[in-house]
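Peer 1: Structure file final-v9.csv (CSV, C-alpha atoms) right here:
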```
chain,number,residue,atom,x,y,z
Z,1,MET,CA,1.0,-46.8,-4.5
Z,2,LYS,CA,-0.4,-43.5,-3.5
Z,3,ARG,CA,-2.3,-41.9,-6.4
Z,4,LYS,CA,-1.0,-38.4,-7.4
Z,5,PRO,CA,-3.6,-35.6,-7.3
Z,6,TRP,CA,-5.0,-34.6,-10.7
Z,7,ILE,CA,-3.7,-31.2,-11.7
Z,8,PHE,CA,-4.4,-29.0,-14.7
Z,9,ILE,CA,-2.8,-25.7,-15.6
Z,10,LEU,CA,-5.1,-23.2,-17.3
Z,11,THR,CA,-3.9,-19.8,-18.4
Z,12,VAL,CA,-6.7,-17.1,-18.6
Z,13,ALA,CA,-6.1,-13.7,-20.2
Z,14,MET,CA,-8.2,-10.9,-18.9
Z,15,ILE,CA,-9.0,-9.7,-22.4
Z,16,GLY,CA,-10.4,-12.1,-24.9
Z,17,SER,CA,-11.7,-14.9,-22.6
Z,18,SER,CA,-15.2,-15.9,-23.7
Z,19,CYS,CA,-17.8,-16.7,-21.2
Z,20,SER,CA,-18.2,-20.2,-22.7
Z,21,SER,CA,-14.5,-21.0,-22.4
Z,22,LEU,CA,-14.5,-19.8,-18.8
Z,23,LYS,CA,-17.5,-22.1,-18.0
Z,24,GLN,CA,-15.6,-25.0,-19.5
Z,25,GLY,CA,-12.4,-24.3,-17.5
Z,26,PHE,CA,-14.3,-23.4,-14.3
Z,27,PRO,CA,-17.5,-25.4,-14.3
Z,28,GLU,CA,-18.6,-24.5,-10.7
Z,29,SER,CA,-19.9,-21.1,-9.6
Z,30,VAL,CA,-21.2,-19.0,-6.7
Z,31,ARG,CA,-22.8,-15.6,-6.9
Z,32,LEU,CA,-21.9,-12.6,-4.7
Z,33,ALA,CA,-23.3,-9.1,-4.4
Z,34,VAL,CA,-21.3,-6.0,-3.6
Z,35,ASN,CA,-23.6,-3.2,-2.4
Z,36,ASN,CA,-22.5,0.5,-2.7
Z,37,PRO,CA,-24.5,2.5,-0.1
Z,38,LEU,CA,-22.9,5.8,-1.3
Z,39,SER,CA,-24.4,8.4,-3.6
Z,40,MET,CA,-21.2,8.4,-5.7
Z,41,ASP,CA,-19.8,6.0,-8.2
Z,42,LEU,CA,-16.8,3.9,-7.1
Z,43,THR,CA,-14.1,3.4,-9.7
Z,44,ASP,CA,-11.6,0.6,-9.1
Z,45,TYR,CA,-13.2,-0.5,-5.9
Z,46,ILE,CA,-11.3,-3.4,-4.3
Z,47,ALA,CA,-13.9,-5.9,-3.1
Z,48,ALA,CA,-12.7,-8.4,-0.5
Z,49,ILE,CA,-14.2,-11.8,-0.8
Z,50,ASP,CA,-13.9,-14.0,2.4
Z,51,ILE,CA,-12.8,-17.4,1.2
Z,52,GLN,CA,-14.2,-19.1,4.3
Z,53,ALA,CA,-17.6,-17.6,3.7
Z,54,VAL,CA,-17.5,-18.9,0.1
Z,55,ARG,CA,-16.6,-22.4,1.4
Z,56,GLU,CA,-19.6,-22.3,3.7
Z,57,LYS,CA,-21.7,-22.1,0.5
Z,58,CYS,CA,-19.5,-24.2,-1.6
Z,59,PRO,CA,-17.3,-26.6,0.4
Z,60,ASP,CA,-15.3,-27.7,-2.7
Z,61,PHE,CA,-14.2,-24.2,-3.6
Z,62,ASN,CA,-10.6,-24.2,-4.8
Z,63,ALA,CA,-8.6,-21.0,-4.2
Z,64,LYS,CA,-6.0,-22.2,-6.7
Z,65,ALA,CA,-8.4,-22.3,-9.7
Z,66,PHE,CA,-11.0,-19.6,-10.0
Z,67,VAL,CA,-12.0,-16.4,-11.9
Z,68,VAL,CA,-14.2,-13.5,-10.9
Z,69,LEU,CA,-16.8,-12.3,-13.4
Z,70,SER,CA,-18.9,-9.1,-13.5
Z,71,GLY,CA,-21.5,-10.0,-16.0
Z,72,ASP,CA,-19.6,-11.8,-18.8
Z,73,GLN,CA,-16.4,-9.8,-18.2
Z,74,GLU,CA,-13.6,-11.2,-16.1
Z,75,VAL,CA,-12.2,-8.8,-13.6
Z,76,ALA,CA,-8.6,-8.8,-12.1
Z,77,SER,CA,-8.3,-10.7,-8.9
Z,78,GLN,CA,-5.7,-11.9,-6.4
Z,79,THR,CA,-5.6,-14.1,-3.3
Z,80,VAL,CA,-4.0,-12.8,-0.1
Z,81,ASP,CA,-3.1,-14.2,3.3
Z,82,THR,CA,-4.2,-11.3,5.5
Z,83,ASP,CA,-3.2,-12.9,8.9
Z,84,GLU,CA,0.0,-14.5,7.5
Z,85,ASP,CA,-0.8,-18.0,8.8
Z,86,GLY,CA,0.4,-19.5,5.5
Z,87,LYS,CA,-3.2,-19.9,4.1
Z,88,VAL,CA,-4.9,-17.5,1.7
Z,89,ASP,CA,-8.1,-16.1,3.2
Z,90,ARG,CA,-9.3,-13.3,0.9
Z,91,ILE,CA,-9.8,-12.8,-2.8
Z,92,LEU,CA,-9.4,-9.1,-3.8
Z,93,CYS,CA,-10.9,-8.1,-7.1
Z,94,VAL,CA,-11.3,-4.8,-8.9
Z,95,VAL,CA,-14.9,-3.7,-9.6
Z,96,GLN,CA,-16.7,-0.6,-10.9
Z,97,ILE,CA,-19.8,0.2,-8.9
Z,98,ALA,CA,-22.3,2.9,-9.6
Z,99,ALA,CA,-23.9,5.0,-6.9
Z,100,HIS,CA,-26.4,2.9,-4.8
Z,101,GLU,CA,-25.7,-0.1,-7.1
Z,102,SER,CA,-25.7,-3.7,-6.0
Z,103,LYS,CA,-23.1,-5.3,-8.3
Z,104,ILE,CA,-23.5,-9.0,-8.9
Z,105,LEU,CA,-20.3,-11.0,-9.2
Z,106,THR,CA,-19.9,-14.6,-10.2
Z,107,LEU,CA,-17.0,-16.6,-8.8
Z,108,ARG,CA,-16.3,-19.5,-11.2
Z,109,TYR,CA,-14.0,-22.2,-10.1
Z,110,ALA,CA,-12.7,-25.7,-10.7
Z,111,SER,CA,-12.8,-27.9,-7.6
Z,112,ARG,CA,-9.4,-29.5,-8.5
Z,113,GLY,CA,-6.2,-28.3,-10.1
Z,114,GLU,CA,-4.5,-25.0,-10.5
Z,115,ALA,CA,-5.0,-22.0,-12.9
Z,116,THR,CA,-2.6,-19.3,-13.9
Z,117,ARG,CA,-4.4,-16.0,-14.5
Z,118,LEU,CA,-2.7,-13.1,-16.3
Z,119,TYR,CA,-3.6,-9.5,-15.5
Z,120,THR,CA,-2.1,-6.1,-16.2
Z,121,LYS,CA,0.1,-5.3,-13.2
Z,122,ARG,CA,-1.4,-2.3,-11.4
Z,123,THR,CA,0.5,-2.5,-8.1
Z,124,GLN,CA,4.1,-3.4,-7.2
Z,125,ALA,CA,6.3,-3.8,-4.1
Z,126,GLU,CA,10.0,-4.5,-4.3
Z,127,LEU,CA,13.2,-4.5,-2.2
Z,128,SER,CA,16.6,-4.7,-3.9
Z,129,HIS,CA,20.1,-4.8,-2.4
Z,130,LYS,CA,23.6,-5.6,-3.7
Z,131,PHE,CA,25.3,-9.0,-3.8
Z,132,GLY,CA,28.9,-9.8,-4.5
Z,133,GLY,CA,30.6,-6.8,-2.8
Z,134,GLU,CA,31.5,-5.9,0.8
Z,135,PHE,CA,31.1,-3.2,3.4
Z,136,ARG,CA,34.1,-0.9,4.0
Z,137,ASP,CA,33.6,1.8,6.6
Z,138,ARG,CA,29.8,1.4,6.3
Z,139,LYS,CA,29.9,1.9,2.5
Z,140,TYR,CA,29.1,-1.1,0.2
Z,141,ILE,CA,31.8,-1.5,-2.4
Z,142,GLY,CA,31.2,-3.5,-5.6
Z,143,GLY,CA,28.4,-5.9,-6.2
Z,144,GLN,CA,25.1,-5.9,-8.3
Z,145,PHE,CA,21.6,-5.2,-7.2
Z,146,GLN,CA,19.2,-8.1,-7.0
Z,147,ASN,CA,15.6,-8.1,-5.8
Z,148,VAL,CA,14.9,-10.1,-2.6
Z,149,ARG,CA,11.8,-11.0,-0.7
Z,150,ARG,CA,13.3,-10.5,2.8
Z,151,LEU,CA,16.2,-8.6,4.3
Z,152,ARG,CA,17.6,-8.4,7.8
Z,153,VAL,CA,19.2,-5.0,7.6
Z,154,PRO,CA,23.0,-5.4,8.1
Z,155,ASP,CA,24.4,-3.6,11.2
Z,156,GLU,CA,26.9,-1.9,8.9
Z,157,HIS,CA,24.2,-0.3,6.8
Z,158,THR,CA,23.4,3.4,7.2
Z,159,ASP,CA,22.3,6.2,5.0
Z,160,TYR,CA,24.2,6.5,1.7
Z,161,SER,CA,25.8,3.1,2.1
Z,162,SER,CA,24.9,2.4,-1.5
Z,163,TYR,CA,23.7,-1.1,-0.5
Z,164,ILE,CA,19.9,-0.8,-1.0
Z,165,ARG,CA,18.6,0.4,-4.4
Z,166,TYR,CA,16.9,3.8,-3.9
Z,167,ASP,CA,17.7,3.5,-0.2
Z,168,GLY,CA,14.8,1.2,0.8
Z,169,PRO,CA,11.7,-0.8,-0.3
Z,170,GLY,CA,9.3,0.8,-2.7
Z,171,TRP,CA,5.6,0.3,-3.5
Z,172,GLU,CA,3.3,1.7,-6.1
Z,173,SER,CA,0.0,1.7,-7.8
Z,174,ASP,CA,-0.8,2.9,-11.2
Z,175,LYS,CA,-1.4,6.3,-9.6
Z,176,VAL,CA,1.6,7.0,-7.4
Z,177,GLY,CA,4.7,5.4,-5.9
Z,178,TYR,CA,6.3,5.6,-2.5
Z,179,ARG,CA,9.5,4.4,-0.8
Z,180,PHE,CA,10.9,4.6,2.7
Z,181,TYR,CA,14.5,4.9,3.8
Z,182,LEU,CA,15.5,1.5,5.4
Z,183,ASP,CA,18.0,3.1,7.8
Z,184,TRP,CA,18.0,5.4,10.8
Z,185,ARG,CA,16.0,8.0,8.8
Z,186,ASN,CA,13.0,5.7,8.3
Z,187,ALA,CA,10.9,8.4,6.5
Z,188,ILE,CA,8.5,8.0,3.6
Z,189,ASP,CA,9.1,9.7,0.2
Z,190,ILE,CA,6.9,10.1,-2.9
Z,191,PHE,CA,7.5,9.1,-6.5
Z,192,GLY,CA,5.2,11.2,-8.6
Z,193,LYS,CA,4.1,9.3,-11.8
Z,194,LYS,CA,3.0,10.8,-15.1
Z,195,MET,CA,2.1,7.4,-16.6
Z,196,PRO,CA,-0.1,4.7,-15.2
Z,197,VAL,CA,2.6,2.0,-15.5
Z,198,MET,CA,5.0,0.2,-13.1
Z,199,VAL,CA,8.3,2.2,-12.8
Z,200,LEU,CA,10.1,1.2,-9.6
Z,201,GLN,CA,11.9,-1.7,-11.2
Z,202,ASP,CA,13.9,0.7,-13.3
Z,203,LEU,CA,14.9,3.3,-10.7
Z,204,GLY,CA,18.4,3.5,-9.2
Z,205,GLN,CA,19.8,0.6,-11.3
Z,206,ASP,CA,22.8,2.6,-12.3
Z,207,GLU,CA,23.4,3.7,-8.7
Z,208,SER,CA,22.6,7.3,-9.6
Z,209,GLU,CA,19.8,9.4,-8.1
Z,210,SER,CA,18.5,10.4,-11.5
Z,211,TYR,CA,15.0,9.9,-10.2
Z,212,HIS,CA,15.4,13.3,-8.6
Z,213,GLU,CA,15.2,14.8,-12.1
Z,214,MET,CA,12.1,15.0,-14.2
Z,215,ALA,CA,11.7,12.1,-16.7
Z,216,ASP,CA,9.0,10.7,-19.0
Z,217,TRP,CA,7.7,8.6,-16.1
Z,218,GLY,CA,7.9,11.3,-13.4
Z,219,MET,CA,10.3,11.9,-10.5
Z,220,ASP,CA,10.9,11.9,-6.8
Z,221,ILE,CA,8.7,14.9,-5.8
Z,222,LEU,CA,9.2,15.3,-2.0
Z,223,LYS,CA,11.9,17.0,0.1
Z,224,VAL,CA,11.8,14.9,3.3
Z,225,GLY,CA,15.0,16.0,5.1
Z,226,GLU,CA,14.7,15.2,8.9
Z,227,SER,CA,10.9,15.3,8.8
Z,228,LEU,CA,8.2,12.5,8.8
Z,229,GLY,CA,7.9,13.0,5.0
Z,230,ILE,CA,4.4,11.7,4.4
Z,231,GLY,CA,2.7,9.2,6.7
Z,232,SER,CA,5.9,8.0,8.5
Z,233,VAL,CA,5.4,6.5,12.0
Z,234,GLY,CA,6.9,8.1,15.0
Z,235,MET,CA,6.2,8.9,18.7
Z,236,TRP,CA,5.4,12.3,20.1
Z,237,VAL,CA,8.1,12.8,22.7
Z,238,ASN,CA,9.0,16.1,24.4
Z,239,SER,CA,7.0,18.2,21.9
Z,240,HIS,CA,8.6,16.7,18.8
Z,241,ALA,CA,8.0,13.7,16.5
Z,242,GLU,CA,10.7,11.0,17.2
Z,243,ARG,CA,11.1,8.8,14.1
Z,244,VAL,CA,11.8,5.1,14.3
Z,245,SER,CA,15.6,5.6,14.3
Z,246,ASN,CA,17.2,3.9,17.3
Z,247,THR,CA,16.6,0.2,17.0
Z,248,ASP,CA,18.4,-3.1,17.8
Z,249,SER,CA,17.5,-4.7,14.5
Z,250,VAL,CA,15.2,-4.3,11.5
Z,251,ILE,CA,13.7,-7.0,9.2
Z,252,CYS,CA,11.9,-6.0,6.0
Z,253,GLU,CA,9.8,-8.4,3.9
Z,254,ILE,CA,7.8,-8.1,0.7
Z,255,THR,CA,4.7,-10.1,1.6
Z,256,ASP,CA,2.6,-9.4,-1.5
Z,257,ASN,CA,3.5,-8.2,-5.0
Z,258,GLY,CA,0.5,-8.7,-7.1
Z,259,PRO,CA,-1.6,-7.1,-9.9
Z,260,VAL,CA,-4.3,-5.8,-7.5
Z,261,TYR,CA,-2.6,-5.5,-4.1
Z,262,SER,CA,1.0,-5.2,-2.7
Z,263,ARG,CA,2.2,-5.1,0.8
Z,264,ILE,CA,5.5,-4.6,2.8
Z,265,ARG,CA,6.0,-5.8,6.3
Z,266,THR,CA,8.8,-4.4,8.5
Z,267,GLY,CA,9.8,-5.4,12.0
Z,268,TYR,CA,11.6,-2.8,14.2
Z,269,TYR,CA,13.0,-4.6,17.2
Z,270,GLY,CA,14.2,-2.7,20.3
Z,271,TRP,CA,12.9,0.7,19.1
Z,272,LYS,CA,13.9,3.3,21.8
Z,273,PRO,CA,12.2,6.6,21.3
Z,274,GLY,CA,13.0,7.5,24.9
Z,275,PHE,CA,13.9,5.5,27.9
Z,276,LEU,CA,11.6,2.5,27.1
Z,277,SER,CA,12.0,-0.1,24.3
Z,278,TYR,CA,9.3,-1.3,21.9
Z,279,ASN,CA,8.9,-3.9,19.2
Z,280,LEU,CA,7.0,-2.4,16.3
Z,281,ILE,CA,5.6,-4.1,13.2
Z,282,SER,CA,4.6,-2.0,10.2
Z,283,GLU,CA,2.5,-3.2,7.2
Z,284,LEU,CA,2.3,-0.8,4.3
Z,285,SER,CA,-0.2,-1.8,1.5
Z,286,ILE,CA,-1.6,-0.3,-1.7
Z,287,CYS,CA,-4.3,-1.3,-4.1
Z,288,ALA,CA,-4.8,-0.9,-7.8
Z,289,GLY,CA,-6.3,2.5,-8.9
Z,290,SER,CA,-5.6,4.1,-5.5
Z,291,ARG,CA,-3.3,6.8,-4.2
Z,292,MET,CA,-3.8,5.7,-0.6
Z,293,THR,CA,-1.4,3.6,1.4
Z,294,LYS,CA,-2.8,1.8,4.4
Z,295,GLN,CA,-0.4,1.7,7.4
Z,296,THR,CA,-1.2,-1.1,9.9
Z,297,LEU,CA,0.9,-1.0,13.1
Z,298,HIS,CA,1.3,-3.6,15.8
Z,299,ILE,CA,3.3,-2.6,18.8
Z,300,GLN,CA,4.3,-4.3,22.1
Z,301,GLY,CA,4.8,-2.4,25.3
Z,302,ASN,CA,1.7,-0.2,25.7
Z,303,PRO,CA,3.2,3.1,24.4
Z,304,PRO,CA,1.6,6.4,25.3
Z,305,ASN,CA,1.0,7.3,21.7
Z,306,LEU,CA,2.1,6.9,18.1
Z,307,CYS,CA,2.2,9.8,15.7
Z,308,THR,CA,2.3,10.5,12.0
Z,309,GLY,CA,2.2,13.6,9.8
Z,310,ILE,CA,3.3,15.6,6.8
Z,311,VAL,CA,6.4,17.6,6.3
Z,312,LYS,CA,6.0,21.4,6.6
Z,313,LEU,CA,6.8,23.1,3.3
Z,314,ASP,CA,6.5,26.7,2.1
Z,315,SER,CA,3.6,28.0,0.1
Z,316,THR,CA,1.1,25.4,1.4
Z,317,GLU,CA,-2.4,25.5,2.9
Z,318,VAL,CA,-3.2,23.2,5.8
Z,319,LEU,CA,-6.6,21.5,5.4
Z,320,THR,CA,-8.8,19.3,7.6
Z,321,VAL,CA,-11.8,17.2,6.7
Z,322,ASP,CA,-14.2,15.8,9.3
Z,323,GLY,CA,-16.2,12.6,8.5
Z,324,GLN,CA,-18.4,10.5,10.7
Z,325,HIS,CA,-15.7,8.1,11.8
Z,326,TRP,CA,-12.6,9.3,10.0
Z,327,GLN,CA,-10.7,12.6,9.8
Z,328,VAL,CA,-8.1,14.1,7.5
Z,329,LEU,CA,-5.1,16.3,8.1
Z,330,ALA,CA,-3.8,17.5,4.7
Z,331,THR,CA,-1.7,20.1,2.9
Z,332,TRP,CA,-2.0,21.6,-0.6
Z,333,GLY,CA,0.1,23.9,-2.7
Z,334,LYS,CA,3.2,24.3,-4.8
Z,335,GLN,CA,5.2,22.0,-2.5
Z,336,SER,CA,6.7,19.4,-4.9
Z,337,LEU,CA,10.4,19.4,-5.8
Z,338,ALA,CA,9.3,20.4,-9.3
Z,339,ASN,CA,7.6,23.5,-7.8
Z,340,ASP,CA,4.1,22.4,-8.9
Z,341,ARG,CA,0.9,21.5,-7.0
Z,342,LEU,CA,0.9,18.6,-4.7
Z,343,GLY,CA,-1.7,17.5,-2.1
Z,344,MET,CA,-0.7,15.3,0.8
Z,345,ALA,CA,-2.9,13.8,3.5
Z,346,VAL,CA,-3.1,11.5,6.4
Z,347,LEU,CA,-6.4,9.9,7.3
Z,348,TYR,CA,-7.1,8.5,10.8
Z,349,ARG,CA,-10.0,7.4,12.9
Z,350,LYS,CA,-11.6,10.0,15.2
Z,351,ASP,CA,-11.5,7.7,18.1
Z,352,ASP,CA,-7.8,7.3,17.8
Z,353,LEU,CA,-6.9,11.0,17.9
Z,354,ILE,CA,-5.2,12.4,20.9
Z,355,GLU,CA,-4.4,15.8,19.3
Z,356,ILE,CA,-3.4,17.7,16.2
Z,357,THR,CA,-0.2,19.5,16.7
Z,358,GLU,CA,3.1,20.5,15.1
Z,359,ASP,CA,6.8,20.8,15.6
Z,360,ASP,CA,9.4,22.7,13.6
Z,361,LEU,CA,9.4,20.2,10.8
Z,362,ASN,CA,5.9,18.5,10.7
Z,363,HIS,CA,2.2,18.8,10.8
Z,364,ILE,CA,1.3,16.0,13.2
Z,365,ALA,CA,-1.6,13.8,14.3
Z,366,VAL,CA,-0.9,12.2,17.7
Z,367,LEU,CA,-2.8,8.9,17.9
Z,368,LYS,CA,-3.5,6.3,20.5
Z,369,PRO,CA,-3.0,2.6,19.7
Z,370,ARG,CA,-5.7,0.3,21.0
Z,371,GLY,CA,-4.8,-3.2,22.1
Z,372,GLY,CA,-1.3,-2.7,20.5
Z,373,GLU,CA,-2.8,-1.9,17.1
Z,374,LEU,CA,-3.3,1.3,15.0
Z,375,VAL,CA,-4.5,1.8,11.4
Z,376,TYR,CA,-4.3,5.0,9.3
Z,377,TYR,CA,-3.9,5.9,5.7
Z,378,PHE,CA,-1.8,8.5,3.8
Z,379,LEU,CA,-1.9,9.7,0.2
Z,380,ALA,CA,-0.2,12.0,-2.3
Z,381,ALA,CA,-2.0,13.6,-5.3
Z,382,TRP,CA,0.3,15.3,-7.9
Z,383,GLU,CA,-1.0,17.6,-10.5
Z,384,LYS,CA,1.2,16.0,-13.3
Z,385,GLU,CA,-0.4,12.6,-12.9
Z,386,SER,CA,-2.4,11.4,-15.8
Z,387,ALA,CA,-5.8,13.2,-15.3
Z,388,GLY,CA,-4.3,14.5,-12.0
Z,389,ILE,CA,-5.9,16.8,-9.5
Z,390,GLN,CA,-5.2,20.4,-10.5
Z,391,THR,CA,-7.0,22.6,-8.0
Z,392,ARG,CA,-7.6,23.0,-4.2
Z,393,GLU,CA,-11.3,22.5,-4.9
Z,394,GLN,CA,-10.7,19.2,-6.7
Z,395,PHE,CA,-8.4,18.1,-3.8
Z,396,ASP,CA,-11.1,18.9,-1.3
Z,397,GLN,CA,-13.6,16.9,-3.2
Z,398,TYR,CA,-11.2,13.9,-3.5
Z,399,LEU,CA,-10.6,14.0,0.3
Z,400,GLU,CA,-14.3,14.2,1.0
Z,401,SER,CA,-15.1,11.2,-1.2
Z,402,SER,CA,-12.2,9.2,0.4
Z,403,ILE,CA,-13.6,9.9,3.8
Z,404,GLN,CA,-17.1,8.9,2.7
Z,405,GLU,CA,-15.7,5.5,1.4
Z,406,LEU,CA,-13.9,4.8,4.7
Z,407,ASP,CA,-16.9,5.9,6.8
Z,408,THR,CA,-19.4,3.8,4.8
Z,409,PRO,CA,-17.7,1.1,2.7
Z,410,PRO,CA,-19.5,-1.2,0.4
Z,411,MET,CA,-20.4,-4.7,1.8
Z,412,VAL,CA,-20.1,-8.1,0.2
Z,413,PHE,CA,-23.1,-10.5,0.5
Z,414,TYR,CA,-22.9,-14.2,-0.3
Z,415,GLU,CA,-26.0,-15.5,-2.1
```
Just give me the structure as structure tokens.
Peer 2:
Amino acid sequence: MKRKPWIFILTVAMIGSSCSSLKQGFPESVRLAVNNPLSMDLTDYIAAIDIQAVREKCPDFNAKAFVVLSGDQEVASQTVDTDEDGKVDRILCVVQIAAHESKILTLRYASRGEATRLYTKRTQAELSHKFGGEFRDRKYIGGQFQNVRRLRVPDEHTDYSSYIRYDGPGWESDKVGYRFYLDWRNAIDIFGKKMPVMVLQDLGQDESESYHEMADWGMDILKVGESLGIGSVGMWVNSHAERVSNTDSVICEITDNGPVYSRIRTGYYGWKPGFLSYNLISELSICAGSRMTKQTLHIQGNPPNLCTGIVKLDSTEVLTVDGQHWQVLATWGKQSLANDRLGMAVLYRKDDLIEITEDDLNHIAVLKPRGGELVYYFLAAWEKESAGIQTREQFDQYLESSIQELDTPPMVFYE
């Protein structure tokens, strides 16, 4: 008779776990160092620990039963499968690092078993659509919303079909929330948040668009219209940004929904921005404590360019920031739907830039994919956030620090 593997379940709370109890539950350990080369403190830095590198030091490391400690204090962590091969390959953890500090982390683990770790949820990604009704003339009648992990968008679905809650998937950190319209519009919108808690799960449940009105949590703060909104992907064709509108099929999946990191993967098959057809994969991800969304694109067919940008709105200033390897295109001013101050930015690698331009609706960065891949970031900073950015000078400083972190990120060393 084959012997069953020995398994234990250990629940660890982030607050109140003593070092001695952690050592009992996780007897093995390995030390890591995260070096901050910058002359600025990093708050809520997401350190990425390579699981394979850990196993080279500790072959018995078990990614199902571990905790990460900074001194005697446990820090929030999460495993991710970055290449989506079905095996987790990174541990992401939240650390605070002073300027020029080398932060020592201890990875404690049990070589066998599984551990359930409980942390405050600081990111979220969700997708919710109706079940139990039916489409009539491209409108979904009846049914109730349920969250799903994956959706092949029905051919009958279009804008205002009342099929997908708040029109598409949403993702958020404790700083800001975003959504994109999972239909022909395919543009990204912003949920401004006044409180550092998760809010998406409550929006649109009554089928109303009350999120357009100011509430205790915040509101939808961006007028997108026919523009790129903020950070949406498109192609620069005949002097205008062509959104990802005309496709054969679209499949959207929530790949990660964790306390530290959340990610949405969307496949656009048969995208036709002109006479040619492309298959495009978009991965949108966000980390705890961050306003930035990372957009990772994979495209087949060697396109001439991809573009992104920011909607043109009245009473705004256009800003640029030039770093060593990264640049910023940004706007600042009273451009929110609440008529208060909002900063928006896209951050891209210098080597990827073809040109900065504009059309009637957008400020645009035209970029060149390399080897079928392109990475850029976008962010929104609303003055009504908790401890939000209030002035143009503060926004400038925030963009400068964001560029510095991308140019010279901390490094993880395995002792």
Peer 1: For range 256-264 of chain Z, find every residue with an atom within 6 Å (counting only C-alpha atoms), except residues of its own chain fewer than 5 positions away, and show them as JSON, numbers by chain.
Peer 2: {"Z": [121, 122, 123, 124, 125, 283, 284, 285, 286, 287, 288]}
Peer 1: Identify which of the residues Z:Val95, Z:Val88, Z:Ala63, Z:Ala76 lies closest to Leu42 in chain Z, counting only C-alpha atoms when measuring atom-to-atom distances.
Peer 2: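 Answer, going by the shortest atom-to-atom distance: Z:Val95.
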Peer 1: Between CA of Asp202 in chain Z and CA of Glu385 in chain Z, what is the distance, to one decimal in Å?
Peer 2: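 Value for the CA of Asp202 in chain Z-CA of Glu385 in chain Z distance: 18.6 Å.
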Peer 1: Take the point (11.5, -0.9, 21.9) as written in the file and pick out every residue within 9 Å of it, counting all atoms listed in the file; give the list as a list in words.
Peer 2: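 It turns out the residues near that spot are Asn246, Thr247, Asp248, Tyr268, Tyr269, Gly270, Trp271, Lys272, Pro273, Leu276, Ser277, Tyr278, Asn279, Leu280, Ile299, Gln300 and Gly301 of chain Z.
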Peer 1: Here is a test: counting only C-alpha atoms, which residue of Z:Val237, Z:Asp352, Z:His157, Z:His298 is nearest to Arg136 in chain Z?
Peer 2: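 Looking only at the distances to Arg136 in chain Z, the closest residue turns out to be Z:His157.
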Peer 1: To one decimal in Å, tell me the separation between CA of Arg165 in chain Z and CA of Lys130 in chain Z.
Peer 2: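 So the answer is 7.8 Å.
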Peer 1: Need to verify the contact set: Leu92 in chain Z, 7 Å, all atoms listed in the file, exclusion of same-chain residues closer than 6 positions in sequence. Can you return it as a ChimeraX atom specification?
Peer 2: /Z:46-49,77-79
Peer 1: Grab the residues selected above and save them as a PDB file, keeping the file's coordinate frame with C-alpha atoms.
Peer 2:
```pdb
ATOM      1  CA  ILE Z  46     -11.300  -3.400  -4.300  1.00  0.00           C
ATOM      2  CA  ALA Z  47     -13.900  -5.900  -3.100  1.00  0.00           C
ATOM      3  CA  ALA Z  48     -12.700  -8.400  -0.500  1.00  0.00           C
ATOM      4  CA  ILE Z  49     -14.200 -11.800  -0.800  1.00  0.00           C
ATOM      5  CA  SER Z  77      -8.300 -10.700  -8.900  1.00  0.00           C
ATOM      6  CA  GLN Z  78      -5.700 -11.900  -6.400  1.00  0.00           C
ATOM      7  CA  THR Z  79      -5.600 -14.100  -3.300  1.00  0.00           C
TER       8      THR Z  79
END
```
Peer 1: With only C-alpha atoms as the basis for distance, which of Z:Val153, Z:Ile310, Z:Val54, Z:Leu118 is at the shortest distance from Glu358 in chain Z?
Peer 2: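 With only C-alpha atoms as the atom set, the closest residue is Z:Ile310.
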Peer 1: So which residues are close to (-16.6, 7.8, 0.4), meaning at most 10 Å away in the file's coordinates with only C-alpha atoms counted, and can you show them as a count of residues only?
Peer 2: 21
Peer 1: Which residue is closest to Glu355 in chain Z? Choose from Z:Arg152, Z:Trp236, Z:Thr43, Z:Ala187 and count all atoms listed in the file.
Peer 2: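 Checking each of Z:Arg152, Z:Trp236, Z:Thr43, Z:Ala187 against Glu355 in chain Z, counting all atoms listed in the file, the winner is Z:Trp236.
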Peer 1: Taking into account only C-alpha atoms, which residue in the set Z:Trp332, Z:Tyr45, Z:Tyr119, Z:Trp382 is nearest to Asp314 in chain Z?
Peer 2: Z:Trp332
Peer 1: Counting all atoms listed in the file, which residue out of Z:Val80, Z:Ser29, Z:Asp183, Z:Asp44 sits closest to Pro59 in chain Z?
Peer 2: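 The shortest atom-to-atom distance to Pro59 in chain Z comes from Z:Ser29.
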Peer 1: Please provide as a PDB file with C-alpha atoms, in the frame of the given file all residues within 9 Å of Arg341 in chain Z, with the sequence filter that same-chain residues fewer than 4 positions apart are discarded (counting only C-alpha atoms).
Peer 2:
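This is the output file around_1.pdb:
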```
ATOM      1  CA  TRP Z 332      -2.000  21.600  -0.600  1.00  0.00           C
ATOM      2  CA  GLY Z 333       0.100  23.900  -2.700  1.00  0.00           C
ATOM      3  CA  LYS Z 334       3.200  24.300  -4.800  1.00  0.00           C
ATOM      4  CA  GLN Z 335       5.200  22.000  -2.500  1.00  0.00           C
ATOM      5  CA  SER Z 336       6.700  19.400  -4.900  1.00  0.00           C
ATOM      6  CA  ALA Z 381      -2.000  13.600  -5.300  1.00  0.00           C
ATOM      7  CA  TRP Z 382       0.300  15.300  -7.900  1.00  0.00           C
ATOM      8  CA  GLU Z 383      -1.000  17.600 -10.500  1.00  0.00           C
ATOM      9  CA  LYS Z 384       1.200  16.000 -13.300  1.00  0.00           C
ATOM     10  CA  ILE Z 389      -5.900  16.800  -9.500  1.00  0.00           C
ATOM     11  CA  GLN Z 390      -5.200  20.400 -10.500  1.00  0.00           C
ATOM     12  CA  THR Z 391      -7.000  22.600  -8.000  1.00  0.00           C
TER      13      THR Z 391
END
```
Peer 1: Limit the output to C-alpha atoms and give range 407-411 of chain Z as a CSV table (one decimal), in the first residue's frame.
Peer 2:
```
chain,number,residue,atom,x,y,z
Z,407,ASP,CA,16.0,52.8,-13.6
Z,408,THR,CA,17.8,51.3,-10.6
Z,409,PRO,CA,15.7,48.7,-8.8
Z,410,PRO,CA,16.9,47.0,-5.6
Z,411,MET,CA,18.5,43.6,-6.0
```
